[in-house]
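Trainee: Quick one: the structure is below, and I'll ask about it shortly.
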Amino acid sequence: MPASPSPLAAAENPYEADRAFGLTAFFDGLDQGVVAIDERGRVVVETAPARAILGGLGCPATLGNPARPLLRVFAKAVGTATGTGWRDVFWMLRHIRNEGSTAIREITVGDRILWVRIRPMPEGWTVALEDVTTTRAHEKSSAELARLDPLTGLANRLMLRERLGESLDRLARYGEPCAVLLIDLDRFKPINDTLGHAVGDALLEKVADRLRSAVRSIDTVARIGGDEFVVIQAGAGRVEDVTVLARRLVDLVGRTYIIDGQLLTIGASLGAALAPKDGTEAERLLKHADLALYRAKLDGRGTFRFFEPEMDVRMQTRRRLELDMRQALARREFVLHYQPQLNLANQSLTGCEALLRWKHPERGTIPPAEFIPLAEEVGLIVPIGEWVVRQACRDAALWPSSITVAVNVSPAQFKSGRLVEMIVSALGASGLPASRLELEITEGVLLQNNERTLETLHRLRTLGVRVSMDDFGTGYSSLSYLRSFPFDKIKIDRSFVKDLATAPDGDAIIRAIAGLGRSLGMTTVAEGVETEEQMRRIRAEGCTDVQGYLISRPVPLEELMRLLPQTPQDRLSILGAAR
């Protein structure tokens with residue numbers, strides 16, 4: 001079998017130019033450049049796109065000439081990448097000729113990127129050329145944009161993962177430590193909700209600028225959520241270095257901003273995890289930084305905390321408690337206890353406050369202070385609160401008609417938008433008159449969407465439901481809220497009652513609140529009364545009602561039924577027995 005002619009062999013006979021140029025014109029309409037090389041190593045077809053590409057690379061017109069200049073361009077590009085040049089090109093040509101395959105390469109020549117496909121033919125070769133420089137530039141730009149947060153220009157989650165992976169690679173290879181700092185903005189949502197998303201976005205951009213200014217070029221700042229940011233601190237070998245940066249970030253973010261002529265103030269909570277001490281995997285470090293951030297929020301926000309192993313233990317306990325609480329309603333583990341309230345004028349029981357208790361099958365009774373905040377945080381307070389209202393109405397329907405029942409209502413229940421409908425349903429199902437149901441709210445309810453909340457309160461008042469302000473005096477705007485809504489009752493916080501024996505102005509505060517309630521036609525209830533001396537002084541200052549251990553501890557329904565008087569003559573004797 002005769003050997004295949006070399007693709008670079010020179011022709012001995014004159015070339016038929018007319019035929020070659022005719023074929024070239026025929027293929028000029030193709031988008032890709034096409035060059036055909038015959039068995040003698042001469043270019044027999046060279047389309048216009050091919051001439052444009054090769055001309056831009058400084059390669060002279062090759063139609064009718066040997067293909068060596070074209071292959072020289074290819075060999076030079078390959079040689080730059082591999083250091084072998086011609087040898088690789090000849091090996092490739094021989095290989096694809098023997099295998100009958102096609103060679104596809106993407107090569108860089110100067111500042112141009114070419115896509116090249118070389119394919120053997122029975123009587124030579126075809127070379128397809130395409131200049132993909134612009135395409136690759138667009139792809140690179142798109143890839144970079146896909147790794148950036150479009151609002152702030154910071155790294156997004158994708159780039160964060162890449163940078164954190166690179167940092168952990170350096171840790172594994174060279175022992176170079178790093179730190180992950182997770183930042184969450186405080187008080188951002190109210191600004192975003194009240195002033196609009198445009199102001200919120202502008203604020204986020206300014207926060208991003210401040211974070212950039214606080215770190216080095218080797219560090220990474222990323223935005224991973226609405227108001228969540230992450231900083232990767234490279235080479236963070238000492239806790240002191242991370243502490244300095246964490247303190248700087250919290251301070252910078254917490255300074256006043258000016259946006260559209262408005263002064264805005266937010267804060268930042270920060271959690272930090274260090275590698276390798278707190279982990280050598282990206283997911284683990286981010287999780288530990290998140291636990292530290294959660295601790296910073298619990299400790300009052302506007303501060304930073306480092307991860308500690310105990311945080312993980314507490315979080316696991318919290319998650320187990322949340323899972324148990326989600327099943328507690330279905331398992332009927334919640335129960336209500338009731339604490340009576342005494343009217344000082346006639347020494348009669350006027351009502352009872354419903355207090356939630358959780359009888360856990362393994363842990364026993366779980367204090368409300370332990371599970372109520374968690375229920376509010378994870379959104380379970382709404383279904384739990386609905387159960388409390390319905391059960392309290394059913395229980396109170398069994399009491400004498402003169403006794404009311406008070407139920408605490410959380411801000412989340414007001415926000416749900418169906419509180420009034422739920423109250424109507426609970427009253428209808430139990431048969432309890434609306435006038436015997438009292439809803440206790442704190443200042444926190446009125447802080448959220450004040451107008452909508454006041455509208456809901458007025459709808460409840462129209463139904464005949466009574467409304468009291470709980471923990472009066474512990475907030476910032478309690479007096480203003482008394483002007484915005486006519487409460488039926490003010491409950492004086494137990495902290496003021498406790499201070500009667502120690503604080504020099506304790507009597508004056510109780511007297512002022514009682515006088516305020518009297519002038520506004522509101523009942524005043526002093527909570528936390530535990531001693532006869534407290535009872536005497538509260539009576540002297542003008543309070544109308546009291547509630548506390550001196551009267552009765554919170555008791556189950558069965559025990560409460562023995563305390564509630566059936567006739568006016570029974571009241572004093574039953575009350576005395578309860579004490």
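In the structure tokens, chains take letters A, B, ... by order of appearance, with residues numbered from 1 within each chain and ligands from 1 in the order shown.
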Skipping near chain neighbours, those fewer than 3 positions away, what residues fall within 6 Å of Glu440 of chain A using only C-alpha atoms, listed as a count of residues only?

Mentor: 5

Trainee: As a PyMOL selection string, please: every residue in segment 252-341 of chain A that a backbone DSSP assignment puts in alpha helix (DSSP H).

Mentor: chain A and resi 252-253+282-298+309-328

Trainee: Of the candidates A:Gly271, A:Ile538, A:Cys59, A:Trp91, which shows the shortest atom-to-atom distance to Lys498 of chain A, using only C-alpha atoms?

Mentor: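 The answer is A:Ile538, which sits nearest to Lys498 of chain A.
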
Trainee: Of the residues A:Ile403, A:Val313, A:Leu114, A:Leu293, which is the one nearest to Leu563 of chain A, using only C-alpha atoms?

Mentor: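 Ranking A:Ile403, A:Val313, A:Leu114, A:Leu293 by distance to Leu563 of chain A, first place goes to A:Ile403.
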
Trainee: Just the residues within 10 Å of Val43 of chain A, please, counting only C-alpha atoms, with nothing from its chain fewer than 3 positions along; format it as a PyMOL selection string.

Mentor: chain A and resi 20+35-40+46+61-68+70+124-126

Trainee: Would you mind exporting the chosen residues as an mmCIF file, in the first residue's frame, restricted to C-alpha atoms?

Mentor:
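Written file, again.cif:
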```
data_model
loop_
_atom_site.group_PDB
_atom_site.id
_atom_site.type_symbol
_atom_site.label_atom_id
_atom_site.label_comp_id
_atom_site.auth_asym_id
_atom_site.auth_seq_id
_atom_site.Cartn_x
_atom_site.Cartn_y
_atom_site.Cartn_z
ATOM 1 C CA ALA A 20 -9.303 26.649 -6.902
ATOM 2 C CA VAL A 35 -9.203 26.135 4.335
ATOM 3 C CA ALA A 36 -8.745 23.018 2.162
ATOM 4 C CA ILE A 37 -5.280 21.535 1.635
ATOM 5 C CA ASP A 38 -4.715 18.992 -1.103
ATOM 6 C CA GLU A 39 -2.463 15.918 -0.947
ATOM 7 C CA ARG A 40 0.463 17.976 -2.221
ATOM 8 C CA GLU A 46 -9.588 29.613 1.391
ATOM 9 C CA ALA A 61 -2.790 34.993 1.666
ATOM 10 C CA THR A 62 -2.218 31.274 1.147
ATOM 11 C CA LEU A 63 -4.609 30.322 -1.644
ATOM 12 C CA GLY A 64 -2.625 28.429 -4.268
ATOM 13 C CA ASN A 65 0.458 28.393 -2.034
ATOM 14 C CA PRO A 66 1.906 25.840 0.351
ATOM 15 C CA ALA A 67 0.087 25.506 3.684
ATOM 16 C CA ARG A 68 3.304 25.862 5.673
ATOM 17 C CA LEU A 70 -0.815 28.415 8.135
ATOM 18 C CA GLY A 124 -5.926 16.129 1.670
ATOM 19 C CA TRP A 125 -7.207 18.059 4.688
ATOM 20 C CA THR A 126 -9.861 20.570 5.717
#
```

Trainee: Using atom CA of Thr456 of chain A and atom CA of Ala328 of chain A as the two end points, give the distance in Å to one decimal.

Mentor: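 Interatomic distance, atom CA of Thr456 of chain A to atom CA of Ala328 of chain A: 29.2 Å.
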
Trainee: Using only C-alpha atoms, which of the listed residues (A:Val207, A:Ile510, A:Ile381, A:Ala52) sits closest to Glu322 of chain A?

Mentor: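 Checking each candidate against Glu322 of chain A, we get A:Ile381 as the closest.
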
Trainee: Closest to Gly226 of chain A among A:Leu398, A:Ala292, A:Ile183, A:Met92, using only C-alpha atoms?

Mentor: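 The closest residue to Gly226 of chain A is A:Ile183.
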
Trainee: Considering only C-alpha atoms, return as a PyMOL selection string whatever protein or nucleic-acid residues lie within 10 Å of Ala540 of chain A, sequence-local ones (same chain, fewer than 6 positions apart) excluded.

Mentor: chain A and resi 507+510-511+534

Trainee: Write the residues you've just listed into a file as a PDB file, in the first residue's frame, and include C-alpha atoms for each of them.

Mentor:
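And here is the file that came out, selection-v6.pdb:
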```pdb
ATOM      1  CA  ASP A 507     -44.373  53.866  96.246  1.00  0.00           C
ATOM      2  CA  ILE A 510     -47.211  52.701  91.950  1.00  0.00           C
ATOM      3  CA  ARG A 511     -49.150  55.790  93.073  1.00  0.00           C
ATOM      4  CA  GLN A 534     -46.782  44.633  99.539  1.00  0.00           C
TER       5      GLN A 534
END
```
